[in-house]
Amino acid sequence: MAGGKGKGGVAGEPGIRIISENRKARAAYTVDEKVEAGLQLSGSEVKALRAGTANLSDAYALPKGSELFLLNAHIGVYNPSSFFTHEPLRGRKLLMHREEIDRWVTKVRERGYSIIPLLLYFKNGRAKVELGLCRGKTHEDRRQDIKERETKREMDRAMRRR
């Protein structure tokens with residue numbers, strides 16, 4: 001997964017605890033590449049993530065200067081840290097290698113891709129986000145997905161009947 005080669009999912013790996021998944025993104029976008037990135041978080045944000053209060057449904061990443069920021073990702077307030085709390089929707093810096101950032105930013109600017117967070121999880125105690133280099137699905141793409149899903153269901157039914 002690291003290195004941006006778009007390898008398989010993280011769900012089956014040891015030491016991984018999934019916090020939040022962006023299911024809406026898989027329906028609305030075609031994911032061309034995936035990469036794992038770290039997040040720059042405050043203490044109360046980490047505590048809130050451990051409590052499982054995160055939502056990625058409307059989140060996206062944008063380049064600002066020479067860095068990438070995760071925007072619109074909701075990490076709920078951690079109540080015991082009342083005075084030292086955080087803003088739930090603040091922009092969070094993504095921690096990636098310089099070459100990966102530059103490569104992805106050029107694709108976003110030149111080819112019309114979007115950077116969408118697909119998965120938020122803890123890996124060996126550190127908060128990570130799986131980012132996808134995505135292109136929006138057209139109406140035809142969605143219809144094709146539905147057709148493939150229906151044919152797979154029919155094949156499965158036929159195999160069970162035998």
# chains A, B, ... in the order shown; residues from 1 in each chain; ligands from 1

$ residues_around --residues "Asp145 (chain A)" --least-positions-apart "6" --cutoff "12 Å" --atoms "only C-alpha atoms" --output "ChimeraX atom specification"
/A:26-30,137-139,151-152

$ write_last_selection --atoms "all heavy atoms" --output "PDB file, in the first residue's frame"
ATOM      1  N   ARG A  26     -16.676   5.444  -3.021  1.00  0.00           N
ATOM      2  CA  ARG A  26     -16.546   4.309  -3.936  1.00  0.00           C
ATOM      3  C   ARG A  26     -17.699   4.252  -4.926  1.00  0.00           C
ATOM      4  O   ARG A  26     -17.564   3.716  -6.015  1.00  0.00           O
ATOM      5  CB  ARG A  26     -16.443   3.020  -3.150  1.00  0.00           C
ATOM      6  CG  ARG A  26     -15.195   3.002  -2.263  1.00  0.00           C
ATOM      7  CD  ARG A  26     -14.860   1.624  -1.782  1.00  0.00           C
ATOM      8  NE  ARG A  26     -13.852   1.651  -0.752  1.00  0.00           N
ATOM      9  CZ  ARG A  26     -12.547   1.657  -0.979  1.00  0.00           C
ATOM     10  NH1 ARG A  26     -12.092   1.656  -2.190  1.00  0.00           N
ATOM     11  NH2 ARG A  26     -11.695   1.667   0.028  1.00  0.00           N
ATOM     12  N   ALA A  27     -18.851   4.816  -4.563  1.00  0.00           N
ATOM     13  CA  ALA A  27     -19.999   4.832  -5.464  1.00  0.00           C
ATOM     14  C   ALA A  27     -19.921   5.997  -6.446  1.00  0.00           C
ATOM     15  O   ALA A  27     -20.342   5.868  -7.590  1.00  0.00           O
ATOM     16  CB  ALA A  27     -21.286   4.915  -4.664  1.00  0.00           C
ATOM     17  N   ALA A  28     -19.382   7.125  -6.017  1.00  0.00           N
ATOM     18  CA  ALA A  28     -19.400   8.328  -6.837  1.00  0.00           C
ATOM     19  C   ALA A  28     -18.136   8.529  -7.673  1.00  0.00           C
ATOM     20  O   ALA A  28     -18.139   9.322  -8.612  1.00  0.00           O
ATOM     21  CB  ALA A  28     -19.598   9.547  -5.949  1.00  0.00           C
ATOM     22  N   TYR A  29     -17.046   7.823  -7.337  1.00  0.00           N
ATOM     23  CA  TYR A  29     -15.776   8.034  -8.020  1.00  0.00           C
ATOM     24  C   TYR A  29     -15.170   6.713  -8.485  1.00  0.00           C
ATOM     25  O   TYR A  29     -15.406   5.666  -7.891  1.00  0.00           O
ATOM     26  CB  TYR A  29     -14.750   8.707  -7.088  1.00  0.00           C
ATOM     27  CG  TYR A  29     -15.155  10.065  -6.610  1.00  0.00           C
ATOM     28  CD1 TYR A  29     -15.760  10.234  -5.371  1.00  0.00           C
ATOM     29  CD2 TYR A  29     -14.934  11.185  -7.385  1.00  0.00           C
ATOM     30  CE1 TYR A  29     -16.127  11.485  -4.924  1.00  0.00           C
ATOM     31  CE2 TYR A  29     -15.295  12.446  -6.945  1.00  0.00           C
ATOM     32  CZ  TYR A  29     -15.892  12.584  -5.715  1.00  0.00           C
ATOM     33  OH  TYR A  29     -16.254  13.822  -5.270  1.00  0.00           O
ATOM     34  N   THR A  30     -14.358   6.812  -9.522  1.00  0.00           N
ATOM     35  CA  THR A  30     -13.526   5.697  -9.954  1.00  0.00           C
ATOM     36  C   THR A  30     -12.141   5.937  -9.366  1.00  0.00           C
ATOM     37  O   THR A  30     -11.520   6.973  -9.629  1.00  0.00           O
ATOM     38  CB  THR A  30     -13.420   5.654 -11.492  1.00  0.00           C
ATOM     39  OG1 THR A  30     -14.739   5.562 -12.015  1.00  0.00           O
ATOM     40  CG2 THR A  30     -12.612   4.479 -11.951  1.00  0.00           C
ATOM     41  N   LYS A 137     -17.493   9.506 -11.535  1.00  0.00           N
ATOM     42  CA  LYS A 137     -18.184   8.579 -12.433  1.00  0.00           C
ATOM     43  C   LYS A 137     -19.270   9.322 -13.196  1.00  0.00           C
ATOM     44  O   LYS A 137     -19.963  10.170 -12.652  1.00  0.00           O
ATOM     45  CB  LYS A 137     -18.838   7.443 -11.636  1.00  0.00           C
ATOM     46  CG  LYS A 137     -17.880   6.404 -11.154  1.00  0.00           C
ATOM     47  CD  LYS A 137     -18.633   5.266 -10.524  1.00  0.00           C
ATOM     48  CE  LYS A 137     -17.677   4.217  -9.995  1.00  0.00           C
ATOM     49  NZ  LYS A 137     -18.397   3.137  -9.327  1.00  0.00           N
ATOM     50  N   THR A 138     -19.413   8.935 -14.445  1.00  0.00           N
ATOM     51  CA  THR A 138     -20.510   9.487 -15.249  1.00  0.00           C
ATOM     52  C   THR A 138     -21.735   8.602 -15.074  1.00  0.00           C
ATOM     53  O   THR A 138     -21.667   7.526 -14.451  1.00  0.00           O
ATOM     54  CB  THR A 138     -20.120   9.531 -16.731  1.00  0.00           C
ATOM     55  OG1 THR A 138     -19.874   8.197 -17.172  1.00  0.00           O
ATOM     56  CG2 THR A 138     -18.878  10.394 -16.957  1.00  0.00           C
ATOM     57  N   HIS A 139     -22.833   9.028 -15.652  1.00  0.00           N
ATOM     58  CA  HIS A 139     -24.075   8.250 -15.570  1.00  0.00           C
ATOM     59  C   HIS A 139     -23.887   6.863 -16.192  1.00  0.00           C
ATOM     60  O   HIS A 139     -24.355   5.858 -15.658  1.00  0.00           O
ATOM     61  CB  HIS A 139     -25.202   9.013 -16.278  1.00  0.00           C
ATOM     62  CG  HIS A 139     -26.525   8.348 -16.189  1.00  0.00           C
ATOM     63  ND1 HIS A 139     -27.206   8.238 -14.996  1.00  0.00           N
ATOM     64  CD2 HIS A 139     -27.283   7.729 -17.115  1.00  0.00           C
ATOM     65  CE1 HIS A 139     -28.332   7.591 -15.204  1.00  0.00           C
ATOM     66  NE2 HIS A 139     -28.407   7.279 -16.488  1.00  0.00           N
ATOM     67  N   THR A 151     -25.283  -9.050 -13.053  1.00  0.00           N
ATOM     68  CA  THR A 151     -24.822 -10.292 -13.701  1.00  0.00           C
ATOM     69  C   THR A 151     -24.074 -11.174 -12.708  1.00  0.00           C
ATOM     70  O   THR A 151     -24.211 -12.399 -12.749  1.00  0.00           O
ATOM     71  CB  THR A 151     -23.930  -9.992 -14.921  1.00  0.00           C
ATOM     72  OG1 THR A 151     -22.847  -9.158 -14.520  1.00  0.00           O
ATOM     73  CG2 THR A 151     -24.718  -9.341 -16.033  1.00  0.00           C
ATOM     74  N   LYS A 152     -23.312 -10.567 -11.801  1.00  0.00           N
ATOM     75  CA  LYS A 152     -22.607 -11.361 -10.783  1.00  0.00           C
ATOM     76  C   LYS A 152     -23.610 -12.052  -9.866  1.00  0.00           C
ATOM     77  O   LYS A 152     -23.443 -13.232  -9.540  1.00  0.00           O
ATOM     78  CB  LYS A 152     -21.682 -10.463  -9.965  1.00  0.00           C
ATOM     79  CG  LYS A 152     -20.832 -11.233  -8.963  1.00  0.00           C
ATOM     80  CD  LYS A 152     -19.935 -10.309  -8.193  1.00  0.00           C
ATOM     81  CE  LYS A 152     -19.046 -11.025  -7.221  1.00  0.00           C
ATOM     82  NZ  LYS A 152     -19.709 -11.901  -6.306  1.00  0.00           N
TER      83      LYS A 152
END

$ closest_residue --among "A:Glu148, A:Glu33, A:Pro14, A:Glu154" --to "Asn124 (chain A)" --atoms "only C-alpha atoms"
A:Pro14

$ select_by_dssp --residues "region 19-49 of chain A" --states "strand (DSSP E or B)" --output "PyMOL selection string"
chain A and resi 19-21+29-39

$ closest_residue --among "A:Leu68, A:Leu120, A:Arg109, A:Thr53" --to "Pro88 (chain A)" --atoms "only C-alpha atoms"
A:Thr53

$ atom_distance --atom1 "CA of Asp32 (chain A)" --atom2 "CA of Asp141 (chain A)"
14.1 Å

$ residues_around --residues "region 44-46 of chain A" --least-positions-apart "3" --cutoff "8 Å" --atoms "only C-alpha atoms" --output "JSON list (two decimals) with N, CA, C and O atoms, in the first residue's frame"
[["chain", "number", "residue", "atom", "x", "y", "z"],
["A", 41, "LEU", "N", -2.20, 15.63, 13.78],
["A", 41, "LEU", "CA", -3.36, 15.77, 14.67],
["A", 41, "LEU", "C", -2.96, 16.34, 16.02],
["A", 41, "LEU", "O", -1.82, 16.18, 16.45],
["A", 49, "LEU", "N", -10.58, 10.13, 17.83],
["A", 49, "LEU", "CA", -10.51, 9.04, 16.85],
["A", 49, "LEU", "C", -10.53, 7.69, 17.54],
["A", 49, "LEU", "O", -11.16, 6.75, 17.06],
["A", 50, "ARG", "N", -9.84, 7.58, 18.66],
["A", 50, "ARG", "CA", -9.86, 6.31, 19.40],
["A", 50, "ARG", "C", -11.26, 6.00, 19.90],
["A", 50, "ARG", "O", -11.64, 4.84, 20.01],
["A", 75, "ILE", "N", -13.97, 15.22, 12.68],
["A", 75, "ILE", "CA", -13.52, 14.46, 13.85],
["A", 75, "ILE", "C", -14.20, 15.10, 15.04],
["A", 75, "ILE", "O", -13.96, 16.27, 15.35],
["A", 76, "GLY", "N", -15.09, 14.34, 15.67],
["A", 76, "GLY", "CA", -15.91, 14.87, 16.76],
["A", 76, "GLY", "C", -15.10, 15.39, 17.93],
["A", 76, "GLY", "O", -13.93, 15.06, 18.11],
["A", 77, "VAL", "N", -15.74, 16.21, 18.74],
["A", 77, "VAL", "CA", -15.09, 16.79, 19.92],
["A", 77, "VAL", "C", -14.96, 15.72, 20.98],
["A", 77, "VAL", "O", -15.87, 14.93, 21.21],
["A", 78, "TYR", "N", -13.81, 15.70, 21.64],
["A", 78, "TYR", "CA", -13.56, 14.80, 22.76],
["A", 78, "TYR", "C", -13.92, 15.55, 24.05],
["A", 78, "TYR", "O", -13.21, 16.47, 24.47],
["A", 81, "SER", "N", -11.66, 16.67, 27.20],
["A", 81, "SER", "CA", -10.63, 17.71, 26.99],
["A", 81, "SER", "C", -11.30, 19.07, 26.78],
["A", 81, "SER", "O", -10.94, 19.81, 25.88],
["A", 84, "PHE", "N", -9.04, 22.24, 26.16],
["A", 84, "PHE", "CA", -8.03, 22.06, 25.12],
["A", 84, "PHE", "C", -8.60, 21.26, 23.95],
["A", 84, "PHE", "O", -7.97, 20.34, 23.45],
["A", 85, "THR", "N", -9.77, 21.62, 23.50],
["A", 85, "THR", "CA", -10.44, 20.86, 22.45],
["A", 85, "THR", "C", -10.03, 21.36, 21.07],
["A", 85, "THR", "O", -9.25, 22.31, 20.95],
["A", 86, "HIS", "N", -10.56, 20.76, 20.03],
["A", 86, "HIS", "CA", -10.21, 21.11, 18.66],
["A", 86, "HIS", "C", -11.46, 21.47, 17.87],
["A", 86, "HIS", "O", -12.57, 21.19, 18.27],
["A", 127, "ALA", "N", -2.45, 7.25, 13.47],
["A", 127, "ALA", "CA", -3.60, 7.53, 12.61],
["A", 127, "ALA", "C", -3.13, 7.67, 11.17],
["A", 127, "ALA", "O", -2.19, 8.42, 10.88]]

$ residues_around --residues "Gly125 (chain A)" --least-positions-apart "6" --cutoff "9 Å" --atoms "only C-alpha atoms" --output "list in words"
Gly15, Ile16 and Arg17 of chain A

$ atom_distance --atom1 "CA of Ser42 (chain A)" --atom2 "CA of Leu70 (chain A)"
14.2 Å

$ residues_around --residues "region 110-118 of chain A" --least-positions-apart "6" --cutoff "10 Å" --atoms "only C-alpha atoms" --output "PyMOL selection string"
chain A and resi 20-26+29-37+56-63+68+70-71+73+104+129-136

$ closest_residue --among "A:Lys47, A:Lys64, A:Arg149, A:Arg157" --to "Asp102 (chain A)" --atoms "only C-alpha atoms"
A:Lys64

$ select_by_dssp --residues "chain A" --states "helix (DSSP H, G or I)" --output "ChimeraX atom specification"
/A:23-28,43-50,79-81,98-111,139-161

$ decode --residues "region 92-113 of chain A" --atoms "N, CA, C and O atoms" --output "PDB file, in the first residue's frame"
ATOM      1  N   ARG A  92      -6.518  19.519   8.092  1.00  0.00           N
ATOM      2  CA  ARG A  92      -5.430  18.760   8.714  1.00  0.00           C
ATOM      3  C   ARG A  92      -4.363  18.453   7.670  1.00  0.00           C
ATOM      4  O   ARG A  92      -4.685  17.981   6.585  1.00  0.00           O
ATOM      5  N   LYS A  93      -3.118  18.697   8.030  1.00  0.00           N
ATOM      6  CA  LYS A  93      -2.010  18.467   7.111  1.00  0.00           C
ATOM      7  C   LYS A  93      -1.805  16.975   6.910  1.00  0.00           C
ATOM      8  O   LYS A  93      -1.820  16.200   7.871  1.00  0.00           O
ATOM      9  N   LEU A  94      -1.607  16.580   5.648  1.00  0.00           N
ATOM     10  CA  LEU A  94      -1.324  15.185   5.320  1.00  0.00           C
ATOM     11  C   LEU A  94       0.183  14.994   5.229  1.00  0.00           C
ATOM     12  O   LEU A  94       0.893  15.814   4.633  1.00  0.00           O
ATOM     13  N   LEU A  95       0.663  13.912   5.795  1.00  0.00           N
ATOM     14  CA  LEU A  95       2.096  13.637   5.839  1.00  0.00           C
ATOM     15  C   LEU A  95       2.434  12.580   4.784  1.00  0.00           C
ATOM     16  O   LEU A  95       2.085  11.410   4.934  1.00  0.00           O
ATOM     17  N   MET A  96       3.067  13.033   3.702  1.00  0.00           N
ATOM     18  CA  MET A  96       3.448  12.158   2.598  1.00  0.00           C
ATOM     19  C   MET A  96       4.843  12.538   2.127  1.00  0.00           C
ATOM     20  O   MET A  96       5.354  13.604   2.460  1.00  0.00           O
ATOM     21  N   HIS A  97       5.435  11.663   1.317  1.00  0.00           N
ATOM     22  CA  HIS A  97       6.730  11.968   0.722  1.00  0.00           C
ATOM     23  C   HIS A  97       6.576  13.067  -0.323  1.00  0.00           C
ATOM     24  O   HIS A  97       5.552  13.156  -1.000  1.00  0.00           O
ATOM     25  N   ARG A  98       7.585  13.898  -0.453  1.00  0.00           N
ATOM     26  CA  ARG A  98       7.555  15.037  -1.363  1.00  0.00           C
ATOM     27  C   ARG A  98       7.242  14.608  -2.799  1.00  0.00           C
ATOM     28  O   ARG A  98       6.447  15.227  -3.492  1.00  0.00           O
ATOM     29  N   GLU A  99       7.880  13.520  -3.280  1.00  0.00           N
ATOM     30  CA  GLU A  99       7.656  13.087  -4.666  1.00  0.00           C
ATOM     31  C   GLU A  99       6.198  12.695  -4.897  1.00  0.00           C
ATOM     32  O   GLU A  99       5.635  12.987  -5.946  1.00  0.00           O
ATOM     33  N   GLU A 100       5.607  12.013  -3.911  1.00  0.00           N
ATOM     34  CA  GLU A 100       4.201  11.605  -4.049  1.00  0.00           C
ATOM     35  C   GLU A 100       3.289  12.823  -4.085  1.00  0.00           C
ATOM     36  O   GLU A 100       2.364  12.889  -4.901  1.00  0.00           O
ATOM     37  N   ILE A 101       3.547  13.785  -3.219  1.00  0.00           N
ATOM     38  CA  ILE A 101       2.734  15.002  -3.201  1.00  0.00           C
ATOM     39  C   ILE A 101       2.822  15.699  -4.554  1.00  0.00           C
ATOM     40  O   ILE A 101       1.801  16.055  -5.142  1.00  0.00           O
ATOM     41  N   ASP A 102       4.041  15.880  -5.057  1.00  0.00           N
ATOM     42  CA  ASP A 102       4.225  16.574  -6.332  1.00  0.00           C
ATOM     43  C   ASP A 102       3.538  15.832  -7.478  1.00  0.00           C
ATOM     44  O   ASP A 102       2.885  16.449  -8.321  1.00  0.00           O
ATOM     45  N   ARG A 103       3.668  14.507  -7.507  1.00  0.00           N
ATOM     46  CA  ARG A 103       3.067  13.710  -8.576  1.00  0.00           C
ATOM     47  C   ARG A 103       1.547  13.819  -8.542  1.00  0.00           C
ATOM     48  O   ARG A 103       0.898  14.025  -9.565  1.00  0.00           O
ATOM     49  N   TRP A 104       0.967  13.705  -7.346  1.00  0.00           N
ATOM     50  CA  TRP A 104      -0.492  13.768  -7.219  1.00  0.00           C
ATOM     51  C   TRP A 104      -1.021  15.172  -7.509  1.00  0.00           C
ATOM     52  O   TRP A 104      -2.072  15.328  -8.123  1.00  0.00           O
ATOM     53  N   VAL A 105      -0.303  16.199  -7.070  1.00  0.00           N
ATOM     54  CA  VAL A 105      -0.754  17.569  -7.308  1.00  0.00           C
ATOM     55  C   VAL A 105      -0.753  17.880  -8.801  1.00  0.00           C
ATOM     56  O   VAL A 105      -1.686  18.517  -9.304  1.00  0.00           O
ATOM     57  N   THR A 106       0.252  17.417  -9.534  1.00  0.00           N
ATOM     58  CA  THR A 106       0.259  17.656 -10.984  1.00  0.00           C
ATOM     59  C   THR A 106      -0.902  16.932 -11.658  1.00  0.00           C
ATOM     60  O   THR A 106      -1.523  17.482 -12.570  1.00  0.00           O
ATOM     61  N   LYS A 107      -1.232  15.731 -11.217  1.00  0.00           N
ATOM     62  CA  LYS A 107      -2.373  15.019 -11.798  1.00  0.00           C
ATOM     63  C   LYS A 107      -3.682  15.740 -11.501  1.00  0.00           C
ATOM     64  O   LYS A 107      -4.571  15.804 -12.345  1.00  0.00           O
ATOM     65  N   VAL A 108      -3.803  16.295 -10.303  1.00  0.00           N
ATOM     66  CA  VAL A 108      -5.019  17.030  -9.941  1.00  0.00           C
ATOM     67  C   VAL A 108      -5.147  18.286 -10.800  1.00  0.00           C
ATOM     68  O   VAL A 108      -6.228  18.585 -11.314  1.00  0.00           O
ATOM     69  N   ARG A 109      -4.039  18.994 -11.000  1.00  0.00           N
ATOM     70  CA  ARG A 109      -4.090  20.260 -11.745  1.00  0.00           C
ATOM     71  C   ARG A 109      -4.242  20.041 -13.249  1.00  0.00           C
ATOM     72  O   ARG A 109      -4.950  20.784 -13.913  1.00  0.00           O
ATOM     73  N   GLU A 110      -3.572  19.022 -13.818  1.00  0.00           N
ATOM     74  CA  GLU A 110      -3.551  18.839 -15.265  1.00  0.00           C
ATOM     75  C   GLU A 110      -4.680  17.947 -15.781  1.00  0.00           C
ATOM     76  O   GLU A 110      -5.236  18.206 -16.831  1.00  0.00           O
ATOM     77  N   ARG A 111      -5.001  16.892 -15.075  1.00  0.00           N
ATOM     78  CA  ARG A 111      -5.906  15.890 -15.617  1.00  0.00           C
ATOM     79  C   ARG A 111      -7.288  15.863 -14.978  1.00  0.00           C
ATOM     80  O   ARG A 111      -8.094  15.019 -15.306  1.00  0.00           O
ATOM     81  N   GLY A 112      -7.557  16.743 -14.042  1.00  0.00           N
ATOM     82  CA  GLY A 112      -8.898  16.824 -13.468  1.00  0.00           C
ATOM     83  C   GLY A 112      -9.239  15.746 -12.462  1.00  0.00           C
ATOM     84  O   GLY A 112     -10.400  15.405 -12.294  1.00  0.00           O
ATOM     85  N   TYR A 113      -8.254  15.207 -11.774  1.00  0.00           N
ATOM     86  CA  TYR A 113      -8.513  14.228 -10.724  1.00  0.00           C
ATOM     87  C   TYR A 113      -8.896  14.940  -9.430  1.00  0.00           C
ATOM     88  O   TYR A 113      -8.652  16.135  -9.268  1.00  0.00           O
TER      89      TYR A 113
END
